[in-house]
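Engineer: See model32.txt below, with compact mmCIF, C-alpha atoms and all ligand atoms.
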# COMPACT_ATOMS: atom_id res chain seq x y z
CA MET A 283 246.33 245.59 74.51
CA ASN A 284 245.94 247.82 77.53
CA GLU A 285 247.92 250.52 75.85
CA PRO A 286 247.36 250.34 72.12
CA LYS A 287 250.41 251.74 70.48
CA ALA A 288 249.03 254.45 68.31
CA GLU A 289 251.13 255.90 65.61
CA THR A 290 252.64 259.11 66.86
CA GLY A 291 255.14 261.53 65.57
CA ALA A 292 257.50 259.82 67.97
CA PRO A 293 257.88 256.31 69.20
CA LEU A 294 255.60 255.98 72.17
CA PRO A 295 257.89 254.04 74.42
CA GLY A 296 260.56 255.24 72.20
CA PRO A 297 263.72 256.85 72.20
CA PRO A 298 266.56 259.87 75.12
CA ASN A 299 270.34 260.18 75.69
CA GLY A 300 272.03 263.12 75.61
CA LEU A 301 272.06 266.74 75.51
CA SER A 302 269.32 268.94 76.67
CA PRO A 303 268.36 271.02 73.64
CA ILE A 304 268.15 274.20 75.62
CA SER A 305 271.24 274.23 77.74
CA GLY A 306 273.56 271.81 75.98
CA GLN A 307 274.07 270.14 79.35
CA ALA A 308 273.31 266.49 79.97
CA ALA A 309 269.57 266.31 80.59
CA PRO A 310 268.57 265.10 84.05
CA ASP A 311 266.02 262.78 82.43
CA GLU A 312 268.62 261.16 80.27
CA GLU A 313 269.89 258.61 82.76
CA GLN A 314 266.37 257.82 83.89
CA ALA A 315 265.20 257.26 80.32
CA ARG A 316 268.11 254.94 79.70
CA THR A 317 267.33 252.92 82.83
CA TYR A 318 263.65 252.79 81.93
CA HIS A 319 264.25 251.53 78.41
CA ARG A 320 266.90 249.05 79.49
CA ALA A 321 264.44 247.58 82.02
CA GLN A 322 261.73 247.46 79.35
CA ARG A 323 264.01 245.59 76.99
CA VAL A 324 265.15 243.14 79.67
CA LEU A 325 261.56 242.38 80.61
CA SER A 326 260.59 241.94 76.95
CA VAL A 327 263.46 239.53 76.38
CA VAL A 328 262.63 237.61 79.57
CA GLY A 329 259.00 237.36 78.45
CA PHE A 330 260.07 236.08 75.06
CA VAL A 331 262.46 233.52 76.53
CA VAL A 332 259.83 232.26 78.98
CA ASP A 333 257.27 231.86 76.18
CA PHE A 334 259.83 230.10 74.01
CA ALA A 335 260.80 227.73 76.84
CA LEU A 336 257.14 226.92 77.56
CA LEU A 337 256.47 226.16 73.89
CA MET A 338 259.50 223.85 73.76
CA LEU A 339 258.42 222.10 76.96
CA LEU A 340 254.89 221.68 75.62
CA LEU A 341 256.29 219.90 72.60
CA LEU A 342 259.33 218.04 73.91
CA ALA A 343 258.11 217.12 77.38
CA GLY A 344 254.73 216.01 76.05
CA TRP A 345 252.72 218.62 77.97
CA SER A 346 250.79 219.57 74.85
CA VAL A 347 249.76 215.96 74.21
CA GLY A 348 248.85 215.70 77.90
CA PHE A 349 246.63 218.80 77.62
CA ARG A 350 244.95 217.35 74.53
CA GLU A 351 244.28 214.05 76.32
CA ALA A 352 242.80 215.91 79.29
CA ALA A 353 240.60 217.96 76.92
CA GLU A 354 239.42 214.86 75.05
CA ARG A 355 238.45 213.23 78.32
CA VAL A 356 235.93 216.07 78.71
CA SER A 357 234.71 216.09 75.11
CA ARG A 358 235.51 214.12 71.96
CA HIS A 359 234.05 216.85 69.79
CA PRO A 360 237.05 218.37 68.00
CA ALA A 361 235.94 222.00 68.34
CA LEU A 362 234.98 221.62 72.00
CA ALA A 363 238.10 219.63 72.88
CA LEU A 364 240.20 222.34 71.19
CA LEU A 365 238.47 225.00 73.27
CA ILE A 366 239.33 223.16 76.51
CA TYR A 367 242.89 222.61 75.30
CA LEU A 368 243.17 226.35 74.59
CA LEU A 369 241.91 227.14 78.05
CA LEU A 370 244.64 224.97 79.61
CA LEU A 371 247.25 226.47 77.30
CA GLY A 372 246.02 229.98 78.11
CA LEU A 373 246.27 229.36 81.85
CA LEU A 374 249.82 228.06 81.50
CA PHE A 375 250.94 231.16 79.58
CA LYS A 376 248.90 233.63 81.60
CA ILE A 377 250.82 233.02 84.85
CA PRO A 378 254.26 234.26 83.69
CA ASP A 379 252.54 236.73 81.39
CA LEU A 380 250.75 238.37 84.32
CA VAL A 381 253.98 238.65 86.32
CA ILE A 382 255.94 240.20 83.45
CA GLY A 383 252.95 242.33 82.46
CA PHE A 384 252.75 243.65 86.02
CA LEU A 385 256.48 244.46 86.15
CA LYS A 386 256.44 246.10 82.73
CA GLY A 387 253.02 247.72 82.61
CA TYR A 388 252.55 248.70 86.24
CA TRP A 389 255.67 248.56 88.40
CA LEU A 390 258.12 250.04 85.90
CA GLU A 391 255.69 252.73 84.72
CA HIS A 392 255.03 253.80 88.31
CA ARG A 393 258.68 253.66 89.24
CA HIS A 394 259.39 256.26 86.57
CA GLY A 395 256.36 258.37 87.37
CA LEU A 396 254.65 257.67 84.04
CA SER A 397 251.58 255.67 84.99
CA ARG A 398 248.64 257.21 86.82
CA MET A 399 246.67 253.96 87.13
CA THR A 400 245.77 252.31 90.40
CA PHE A 401 246.47 248.61 90.68
CA GLY A 402 242.74 247.90 90.32
CA GLN A 403 242.50 249.91 87.10
CA TRP A 404 245.55 248.17 85.73
CA LEU A 405 244.08 244.78 86.58
CA LEU A 406 240.78 245.67 84.93
CA ASP A 407 242.55 246.62 81.70
CA GLU A 408 244.54 243.39 81.89
CA ALA A 409 241.32 241.40 82.28
CA LYS A 410 239.70 243.19 79.34
CA GLY A 411 242.77 242.60 77.19
CA ALA A 412 242.93 238.95 78.21
CA ALA A 413 239.24 238.43 77.40
CA ILE A 414 239.56 240.05 73.96
CA GLY A 415 242.80 238.19 73.27
CA ALA A 416 241.25 234.90 74.34
CA ALA A 417 238.17 235.41 72.16
CA ILE A 418 240.20 236.34 69.07
CA GLY A 419 242.76 233.59 69.75
CA ALA A 420 240.08 230.92 70.21
CA LEU A 421 238.29 232.02 67.06
CA GLY A 422 241.55 231.92 65.11
CA ALA A 423 242.56 228.48 66.42
CA GLU A 424 239.10 226.99 65.78
CA ALA A 425 239.15 228.36 62.23
CA LEU A 426 242.68 227.09 61.70
CA TYR A 427 241.99 223.48 62.71
CA ALA A 428 238.61 223.43 60.97
CA ALA A 429 240.47 224.45 57.80
CA ILE A 430 243.11 221.74 58.32
CA ARG A 431 240.35 219.15 58.71
CA LEU A 432 238.44 220.41 55.66
CA TRP A 433 241.32 221.09 53.30
CA PRO A 434 244.28 218.96 54.42
CA ARG A 435 246.36 220.07 51.44
CA ASP A 436 245.40 223.71 50.84
CA TRP A 437 244.40 224.83 54.34
CA TRP A 438 247.36 227.17 54.61
CA VAL A 439 246.29 229.21 51.55
CA VAL A 440 242.72 229.46 52.85
CA CYS A 441 243.94 230.47 56.31
CA ALA A 442 246.47 233.00 55.01
CA ALA A 443 243.77 234.68 52.92
CA ALA A 444 241.18 234.63 55.72
CA PHE A 445 243.60 235.86 58.41
CA SER A 446 244.89 238.64 56.12
CA LEU A 447 241.33 239.85 55.53
CA PHE A 448 240.65 239.67 59.25
CA PHE A 449 243.70 241.84 60.04
CA ILE A 450 242.55 244.45 57.51
CA LEU A 451 239.03 244.41 58.95
CA LEU A 452 240.43 244.75 62.46
CA ALA A 453 242.49 247.81 61.49
CA HIS A 454 239.32 249.35 60.10
CA LEU A 455 237.14 248.52 63.11
CA ALA A 456 239.60 248.93 65.99
CA PRO A 457 238.91 252.68 66.43
CA VAL A 458 235.18 252.07 66.90
CA LEU A 459 235.23 248.61 68.48
CA LEU A 460 238.44 248.11 70.47
CA PHE A 461 239.74 251.52 71.51
CA PRO A 462 236.53 252.56 73.34
CA ILE A 463 236.83 249.45 75.54
CA PHE A 464 240.01 250.87 77.03
CA PHE A 465 239.69 254.63 76.62
CA LYS A 466 237.15 257.42 76.68
CA PHE A 467 236.86 259.81 73.77
CA LYS A 468 235.06 263.07 73.19
CA PRO A 469 235.08 265.51 70.28
CA VAL A 470 237.74 268.22 70.56
CA GLU A 471 236.07 271.51 71.39
CA ASP A 472 238.83 273.91 70.33
CA SER A 473 237.35 274.88 66.95
CA ALA A 474 240.45 276.79 65.83
CA LEU A 475 242.57 273.67 66.36
CA VAL A 476 240.01 271.45 64.60
CA ALA A 477 239.93 273.83 61.64
CA ARG A 478 243.71 273.83 61.51
CA LEU A 479 243.87 270.03 61.47
CA GLU A 480 241.08 269.77 58.91
CA ASP A 481 243.04 272.13 56.72
CA LEU A 482 246.05 269.84 57.13
CA SER A 483 243.92 266.86 56.11
CA ARG A 484 242.68 268.71 53.01
CA ARG A 485 246.25 269.38 51.98
CA ALA A 486 246.97 265.67 52.41
CA ARG A 487 243.86 264.96 50.29
CA THR A 488 242.22 262.76 52.84
CA ARG A 489 238.94 263.05 54.67
CA VAL A 490 238.70 262.61 58.42
CA ARG A 491 235.43 262.00 60.22
CA GLY A 492 236.07 263.91 63.38
CA VAL A 493 238.83 265.04 65.74
CA TYR A 494 238.63 263.41 69.16
CA GLU A 495 240.18 264.03 72.52
CA TRP A 496 241.59 260.77 73.81
CA LYS A 497 241.39 260.52 77.62
CA LEU A 498 244.82 259.07 78.14
CA GLY A 499 245.73 261.31 81.08
CA GLU A 500 243.81 259.26 83.63
CA LYS A 501 246.11 256.35 82.79
CA THR A 502 249.48 257.84 81.98
CA LYS A 503 251.55 260.99 81.75
CA LYS A 504 252.57 260.02 78.20
CA ALA A 505 251.28 261.91 75.17
CA ASN A 506 250.14 260.38 71.94
CA ALA A 507 248.18 261.14 68.79
CA ALA A 508 247.07 259.19 65.78
CA LEU A 509 245.21 259.18 62.53
CA MET A 510 243.30 255.94 62.70
CA GLY A 511 240.76 253.80 60.93
CA SER A 512 239.89 254.00 57.26
CA GLY A 513 236.94 255.32 55.28
CA SER A 514 234.00 255.86 57.62
CA THR A 515 236.07 255.11 60.74
CA ARG A 516 238.94 257.44 59.85
CA ARG A 517 239.52 259.93 62.65
CA ILE A 518 242.16 262.00 64.37
CA ILE A 519 242.69 261.25 68.03
CA LEU A 520 244.73 263.55 70.28
CA SER A 521 245.52 262.55 73.83
CA ASP A 522 244.44 265.03 76.51
CA THR A 523 248.06 264.94 77.67
CA LEU A 524 249.10 266.16 74.22
CA LEU A 525 246.41 268.87 74.16
CA SER A 526 247.46 270.23 77.55
CA ASN A 527 251.21 270.21 76.90
CA PHE A 528 251.57 271.13 73.24
CA GLN A 529 251.04 274.39 71.38
CA PRO A 530 248.72 274.28 68.32
CA ASP A 531 251.65 274.46 65.89
CA GLU A 532 253.33 271.54 67.67
CA ILE A 533 250.13 269.48 67.51
CA GLU A 534 249.93 270.36 63.84
CA ALA A 535 253.49 269.07 63.38
CA VAL A 536 252.66 265.76 65.09
CA LEU A 537 249.58 265.30 62.93
CA ALA A 538 251.40 266.39 59.77
CA HIS A 539 253.65 263.39 60.32
CA GLU A 540 250.57 261.15 60.52
CA PHE A 541 249.24 262.58 57.29
CA GLY A 542 252.64 261.89 55.79
CA HIS A 543 251.93 258.20 56.31
CA HIS A 544 248.67 258.64 54.46
CA VAL A 545 250.15 260.59 51.56
CA ARG A 546 252.96 258.08 51.14
CA ARG A 547 250.45 255.18 51.20
CA HIS A 548 252.15 253.56 54.18
CA LEU A 549 248.97 251.91 55.41
CA LEU A 550 248.64 250.14 52.09
CA TRP A 551 252.31 249.13 52.15
CA GLY A 552 251.92 247.92 55.69
CA MET A 553 248.94 245.78 54.70
CA LEU A 554 250.77 244.34 51.69
CA VAL A 555 253.78 243.45 53.81
CA GLN A 556 251.57 241.97 56.51
CA THR A 557 249.70 239.90 53.95
CA ALA A 558 252.97 238.63 52.46
CA ILE A 559 254.23 237.68 55.94
CA THR A 560 250.93 235.97 56.76
CA PHE A 561 251.23 233.86 53.62
CA ALA A 562 254.89 233.08 54.36
CA GLY A 563 253.99 232.17 57.94
CA PHE A 564 251.22 229.76 56.97
CA TYR A 565 253.38 228.26 54.23
CA LEU A 566 256.13 227.58 56.79
CA ALA A 567 253.56 226.22 59.24
CA ASN A 568 252.41 223.82 56.54
CA ARG A 569 256.03 222.74 55.95
CA ALA A 570 256.58 222.29 59.67
CA LEU A 571 253.48 220.11 59.91
CA ALA A 572 254.58 218.04 56.91
CA ARG A 573 257.82 217.39 58.71
CA TRP A 574 256.97 217.09 62.40
CA SER A 575 253.25 216.47 62.75
CA HIS A 576 253.90 212.83 63.66
CA ALA A 577 256.78 213.57 66.02
CA PHE A 578 256.49 214.38 69.76
CA GLY A 579 253.51 212.02 70.14
CA LEU A 580 251.40 214.09 67.70
CA ARG A 581 248.70 212.36 65.63
CA GLY A 582 249.00 214.38 62.44
CA PRO A 583 248.29 217.83 60.98
CA SER A 584 244.75 218.08 62.37
CA ASP A 585 245.90 217.20 65.91
CA PHE A 586 245.61 220.51 67.73
CA ALA A 587 248.31 219.43 70.15
CA ASN A 588 250.68 220.59 67.38
CA LEU A 589 249.72 224.23 68.06
CA PRO A 590 252.99 224.97 69.94
CA LEU A 591 254.86 223.81 66.83
CA LEU A 592 252.91 226.28 64.68
CA ILE A 593 253.48 229.11 67.16
CA LEU A 594 257.20 228.32 67.27
CA THR A 595 257.31 228.55 63.47
CA GLY A 596 255.72 231.99 63.75
CA PHE A 597 258.26 232.98 66.43
CA ALA A 598 261.15 231.91 64.21
CA LEU A 599 259.78 233.84 61.23
CA SER A 600 259.24 237.04 63.23
CA LEU A 601 262.72 236.82 64.74
CA ILE A 602 264.30 236.48 61.31
CA LEU A 603 262.23 239.29 59.85
CA LEU A 604 262.46 241.68 62.81
CA PRO A 605 265.51 243.72 61.66
CA ALA A 606 264.15 244.02 58.11
CA LEU A 607 260.71 245.05 59.31
CA SER A 608 262.18 247.58 61.73
CA ALA A 609 264.27 249.05 58.91
CA PHE A 610 261.23 249.16 56.63
CA SER A 611 259.25 250.93 59.35
CA ARG A 612 262.04 253.45 60.06
CA ARG A 613 262.17 254.26 56.38
CA MET A 614 258.45 255.00 56.33
CA GLU A 615 258.80 257.13 59.47
CA ARG A 616 261.54 259.13 57.79
CA GLU A 617 259.30 259.70 54.76
CA ALA A 618 256.45 260.81 57.01
CA ASP A 619 258.81 263.23 58.78
CA ALA A 620 259.89 264.61 55.41
CA TYR A 621 256.26 265.15 54.44
CA ALA A 622 255.52 266.80 57.79
CA LEU A 623 258.44 269.21 57.43
CA GLY A 624 257.25 270.12 53.95
CA SER A 625 253.67 270.75 54.98
CA ILE A 626 254.07 272.89 58.11
CA PRO A 627 255.18 276.50 58.12
CA ASP A 628 257.96 276.14 60.66
CA ARG A 629 260.34 273.26 61.25
CA GLU A 630 260.99 274.52 64.80
CA ALA A 631 257.46 273.43 65.75
CA PHE A 632 258.34 269.92 64.62
CA ILE A 633 261.58 269.95 66.62
CA ARG A 634 259.80 271.26 69.72
CA SER A 635 257.16 268.54 69.37
CA MET A 636 259.91 265.90 69.26
CA GLU A 637 261.54 267.36 72.37
CA LYS A 638 258.26 267.40 74.23
CA LEU A 639 257.36 263.84 73.24
CA ALA A 640 260.79 262.67 74.38
CA GLN A 641 260.31 264.46 77.69
CA LEU A 642 256.74 263.38 78.42
CA ASN A 643 257.17 259.81 77.23
CA LEU A 644 260.64 259.40 78.70
CA GLY A 645 261.90 258.65 75.23
CA GLU A 646 265.43 257.41 74.66
CA ARG A 647 267.08 260.09 72.56
CA ARG A 648 269.99 257.99 71.43
CA PRO A 649 269.49 254.27 72.00
CA PRO A 650 272.42 251.92 71.39
CA ARG A 651 272.90 251.67 67.61
CA TRP A 652 272.35 247.91 67.41
CA ILE A 653 269.21 248.14 69.51
CA GLU A 654 267.81 250.78 67.20
CA PHE A 655 268.78 248.67 64.19
CA ILE A 656 266.99 245.55 65.38
CA PHE A 657 264.05 246.75 67.43
CA HIS A 658 263.12 250.33 66.73
CA SER A 659 260.23 251.13 64.44
CA HIS A 660 261.17 254.83 64.51
CA PRO A 661 264.51 256.55 64.04
CA SER A 662 265.80 257.82 67.38
CA ILE A 663 264.60 261.24 68.54
CA GLU A 664 268.10 262.58 68.04
CA ARG A 665 268.20 261.45 64.42
CA ARG A 666 264.75 262.83 63.74
CA ILE A 667 265.69 266.22 65.16
CA GLN A 668 268.94 266.20 63.18
CA PHE A 669 266.98 265.32 60.06
CA ALA A 670 264.63 268.25 60.70
CA ARG A 671 267.54 270.65 61.21
CA GLU A 672 269.14 269.54 57.97
CA TRP A 673 265.83 269.60 56.11
CA ASN A 674 266.07 271.78 53.04
CA PRO A 675 262.92 273.94 52.64
CA ALA A 676 263.61 274.12 48.91
CA ARG A 677 262.47 270.52 48.76
CA ARG A 678 259.08 271.52 50.10
CA ARG A 679 257.73 272.31 46.64
CA THR A 680 258.83 268.99 45.15
CA SER A 681 257.58 267.03 48.12
CA GLN A 682 254.17 268.65 47.88
CA ALA A 683 254.05 268.26 44.13
CA GLY A 684 254.90 264.62 44.67
CA ALA A 685 252.09 264.31 47.17
ZN ZN A 701 254.87 257.60 62.16
Can you dump the structure from the file as structure tokens?
Structural biologist:
Amino acid sequence: MNEPKAETGAPLPGPPNGLSPISGQAAPDEEQARTYHRAQRVLSVVGFVVDFALLMLLLLAGWSVGFREAAERVSRHPALALLIYLLLLGLLFKIPDLVIGFLKGYWLEHRHGLSRMTFGQWLLDEAKGAAIGAAIGALGAEALYAAIRLWPRDWWVVCAAAFSLFFILLAHLAPVLLFPIFFKFKPVEDSALVARLEDLSRRARTRVRGVYEWKLGEKTKKANAALMGSGSTRRIILSDTLLSNFQPDEIEAVLAHEFGHHVRRHLLWGMLVQTAITFAGFYLANRALARWSHAFGLRGPSDFANLPLLILTGFALSLILLPALSAFSRRMEREADAYALGSIPDREAFIRSMEKLAQLNLGERRPPRWIEFIFHSHPSIERRIQFAREWNPARRRTSQAGA
């Protein structure tokens, strides 16, 4: 939450390896980037394993039932008891989460000279993120168990529909509601650049309501840009780190990629896929409850002590789907790159923007193949540059006609 991962022309924490584009020599950053990403992956896996172990302990060792009993000693009201249970659960998860969050979001970022945040600033962002996460999580859990109590048979359909709508609403409102909690924005003053980007948006047949400078530089050295929101909240945001390091044609290339997502209807596809997964997840949760809601000392489907079981079902589903979703995402990124290359005058600007993003963000140019296959939402920087070099300008006409 403290660093929303906006959609950039390059993976934010994403991909370096190899050869410096200028000299052909091994880049000095290469080894550092590899170390950085390896550490990130290790910490992510550790975080996942710890969460998984805690969920198993909650179920198998009876901790979850114990939490529920403690909560019901305070209040017998189901909604209030659930809130107290969630508080206990939140505290249990927050302890390892804070440690791993500190190592990943503060220590590692400072170690590699990326973060510019003081410990206090980092902690403040953590607290904000935790508060927002807790509010959304509590709302979701209360709605979930209210639905199970009201519609014991069809709750999962109701929840899947309601949660899907909520996710869509959140994507629409995040730029105006959530982002300003963490970052400052101001309209971009460079009118030539704004005109250039508005021209790009016209060619993509979309309307943006403003181009904003995103004050990312007080937090990190990394650069980022995004086309976010929809309808009245649709806007272009460009990090100050991008504005100060990139030439106008390179910024145009980064944004052209974002417009590629729009032209190819990726947001819509993303929503459809997310809705399908939400329905699949709630269906599986319903099956899991049918099977295990009287095991582990649980009292039935409406017993909120079964929450770890539902979360574990979600974990299992996301693990199974991860490679497919990553592949789906990489395919969309490739399409957006193709659109970008077709809509800018010079492919070299695109290639330079990739190089700069890799440099500023300590991107891994060539991650291990299997890692890219499973985890990466974007093709590696090296593949994207290769794709740009092999891009055939003759296809520009067809790609624009297709747009
Ligand atoms: Zn993209």
Engineer: Compile a residue-level contact table for chain A against ligand ZN 701 (chain A) at a cut-off of 10 Å, reporting for every qualifying residue the shortest atom pair and its distance in Å to one decimal, with only C-alpha atoms and all ligand atoms counted, rows ordered by chain and ascending number, as CSV.
Structural biologist:
residue,atom,partner,partner_atom,distance
A:Ala288,CA,A:ZN701,ZN,9.0
A:Glu289,CA,A:ZN701,ZN,5.4
A:Thr290,CA,A:ZN701,ZN,5.4
A:Gly291,CA,A:ZN701,ZN,5.2
A:Ala292,CA,A:ZN701,ZN,6.8
A:Pro293,CA,A:ZN701,ZN,7.8
A:Ala508,CA,A:ZN701,ZN,8.7
A:Leu509,CA,A:ZN701,ZN,9.8
A:Val536,CA,A:ZN701,ZN,8.9
A:Leu537,CA,A:ZN701,ZN,9.4
A:Ala538,CA,A:ZN701,ZN,9.7
A:His539,CA,A:ZN701,ZN,6.2
A:Glu540,CA,A:ZN701,ZN,5.8
A:Phe541,CA,A:ZN701,ZN,9.0
A:Gly542,CA,A:ZN701,ZN,8.0
A:His543,CA,A:ZN701,ZN,6.6
A:His544,CA,A:ZN701,ZN,9.9
A:His548,CA,A:ZN701,ZN,9.3
A:Ser611,CA,A:ZN701,ZN,8.5
A:Arg612,CA,A:ZN701,ZN,8.5
A:Arg613,CA,A:ZN701,ZN,9.9
A:Met614,CA,A:ZN701,ZN,7.3
A:Glu615,CA,A:ZN701,ZN,4.8
A:Arg616,CA,A:ZN701,ZN,8.1
A:Glu617,CA,A:ZN701,ZN,8.9
A:Ala618,CA,A:ZN701,ZN,6.3
A:Asp619,CA,A:ZN701,ZN,7.7
A:Ser659,CA,A:ZN701,ZN,8.7
A:His660,CA,A:ZN701,ZN,7.3
A:Pro661,CA,A:ZN701,ZN,9.9
Engineer: Which of these, A:Ala567, A:Leu385, A:Ala562, A:Val493, has the shortest distance to A:Pro590 once you count only C-alpha atoms?
Structural biologist: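 Nearest candidate to A:Pro590 out of A:Ala567, A:Leu385, A:Ala562, A:Val493: A:Ala567.
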Engineer: Step by step: start from the point (248.0, 269.0, 72.5) in the file's coordinates, keep every protein, DNA or RNA residue that has an atom no farther than 12 Å from it, count only C-alpha atoms, and write the set as number ranges by chain.
Structural biologist: A: 470, 472, 475-476, 479, 494-499, 504-508, 519-537, 635, 638-639, 642
Engineer: Keeping only C-alpha atoms, write the selected residues as a tab-separated table (two decimals), in the frame of the given file.
Structural biologist:
chain	number	residue	atom	x	y	z
A	470	VAL	CA	237.74	268.22	70.56
A	472	ASP	CA	238.83	273.91	70.33
A	475	LEU	CA	242.57	273.67	66.36
A	476	VAL	CA	240.01	271.45	64.60
A	479	LEU	CA	243.87	270.03	61.47
A	494	TYR	CA	238.63	263.41	69.16
A	495	GLU	CA	240.18	264.03	72.52
A	496	TRP	CA	241.59	260.77	73.81
A	497	LYS	CA	241.39	260.52	77.62
A	498	LEU	CA	244.82	259.07	78.14
A	499	GLY	CA	245.73	261.31	81.08
A	504	LYS	CA	252.57	260.02	78.20
A	505	ALA	CA	251.28	261.91	75.17
A	506	ASN	CA	250.14	260.38	71.94
A	507	ALA	CA	248.18	261.14	68.79
A	508	ALA	CA	247.07	259.19	65.78
A	519	ILE	CA	242.69	261.25	68.03
A	520	LEU	CA	244.73	263.55	70.28
A	521	SER	CA	245.52	262.55	73.83
A	522	ASP	CA	244.44	265.03	76.51
A	523	THR	CA	248.06	264.94	77.67
A	524	LEU	CA	249.10	266.16	74.22
A	525	LEU	CA	246.41	268.87	74.16
A	526	SER	CA	247.46	270.23	77.55
A	527	ASN	CA	251.21	270.21	76.90
A	528	PHE	CA	251.57	271.13	73.24
A	529	GLN	CA	251.04	274.39	71.38
A	530	PRO	CA	248.72	274.28	68.32
A	531	ASP	CA	251.65	274.46	65.89
A	532	GLU	CA	253.33	271.54	67.67
A	533	ILE	CA	250.13	269.48	67.51
A	534	GLU	CA	249.93	270.36	63.84
A	535	ALA	CA	253.49	269.07	63.38
A	536	VAL	CA	252.66	265.76	65.09
A	537	LEU	CA	249.58	265.30	62.93
A	635	SER	CA	257.16	268.54	69.37
A	638	LYS	CA	258.26	267.40	74.23
A	639	LEU	CA	257.36	263.84	73.24
A	642	LEU	CA	256.74	263.38	78.42
Engineer: So the first atom is atom CA of A:Leu591 and the second is atom CA of A:Tyr427; what is the distance between them in Å, to one decimal place?
Structural biologist: 13.5 Å
Engineer: Quote the spacing between atom CA of A:Ala443 and atom CA of A:Asp585 in Å to one decimal place.
Structural biologist: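 Separating atom CA of A:Ala443 from atom CA of A:Asp585 is a distance of 21.9 Å.
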Engineer: May I ask for the distance between atom CA of A:Ile656 and atom CA of A:Ala609, given in Å to one decimal place?
Structural biologist: 7.8 Å
Engineer: In file coordinates, which residues lie within 12 Å of (243.7, 217.8, 55.8) using only C-alpha atoms, given as number ranges by chain?
Structural biologist: A: 426-438, 568, 571-572, 575, 582-585
Engineer: Of the candidates A:Phe586, A:Trp404, A:Trp551, A:Phe655, which one gets nearest to A:Ala425 if we count all atoms listed in the file?
Structural biologist: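 The closest residue to A:Ala425 is A:Phe586.
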Engineer: For A:Gly415, which residue out of A:Phe445, A:Phe578, A:Phe657, A:Lys376 is the nearest one, using only C-alpha atoms?
Structural biologist: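 Of all the options, A:Lys376 lies closest to A:Gly415.
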Engineer: Which residues come within 9 Å of A:Ala423, counting all atoms listed in the file, excluding same-chain residues fewer than 5 positions away, as number ranges by chain?
Structural biologist: A: 364-365, 368, 418, 428, 586, 589
Engineer: Which of these residues is nearest to A:Glu471, using all atoms listed in the file: A:Gly492, A:Leu644, A:His392, A:Ile382?
Structural biologist: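 Answer, going by the shortest atom-to-atom distance: A:Gly492.
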Engineer: Given all atoms listed in the file as the basis, pick out the residue of A:Asp311, A:Glu500, A:Glu424, A:Glu672 nearest to A:His394.
Structural biologist: A:Asp311
Engineer: Which of these, A:Arg516, A:Leu336, A:Phe610, A:Ile593, has the shortest distance to A:Val555 once you count only C-alpha atoms?
Structural biologist: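 For A:Val555, the nearest of the given residues is A:Phe610.
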Engineer: Determine, counting only C-alpha atoms, which protein, DNA and RNA residues have an atom within 12 Å of an atom of A:Pro462; residues of the same chain fewer than 3 positions away are not included. Present the result as an MDAnalysis selection string.
Structural biologist: chainID A and resid 284:286 407 410 455:459 465:468 494 496:498 519
Engineer: Once you have the residues from the selection above, write them out as an mmCIF file, in the coordinates of the input, restricted to C-alpha atoms.
Structural biologist:
data_model
loop_
_atom_site.group_PDB
_atom_site.id
_atom_site.type_symbol
_atom_site.label_atom_id
_atom_site.label_comp_id
_atom_site.auth_asym_id
_atom_site.auth_seq_id
_atom_site.Cartn_x
_atom_site.Cartn_y
_atom_site.Cartn_z
ATOM 1 C CA ASN A 284 245.940 247.820 77.530
ATOM 2 C CA GLU A 285 247.920 250.520 75.850
ATOM 3 C CA PRO A 286 247.360 250.340 72.120
ATOM 4 C CA ASP A 407 242.550 246.620 81.700
ATOM 5 C CA LYS A 410 239.700 243.190 79.340
ATOM 6 C CA LEU A 455 237.140 248.520 63.110
ATOM 7 C CA ALA A 456 239.600 248.930 65.990
ATOM 8 C CA PRO A 457 238.910 252.680 66.430
ATOM 9 C CA VAL A 458 235.180 252.070 66.900
ATOM 10 C CA LEU A 459 235.230 248.610 68.480
ATOM 11 C CA PHE A 465 239.690 254.630 76.620
ATOM 12 C CA LYS A 466 237.150 257.420 76.680
ATOM 13 C CA PHE A 467 236.860 259.810 73.770
ATOM 14 C CA LYS A 468 235.060 263.070 73.190
ATOM 15 C CA TYR A 494 238.630 263.410 69.160
ATOM 16 C CA TRP A 496 241.590 260.770 73.810
ATOM 17 C CA LYS A 497 241.390 260.520 77.620
ATOM 18 C CA LEU A 498 244.820 259.070 78.140
ATOM 19 C CA ILE A 519 242.690 261.250 68.030
#
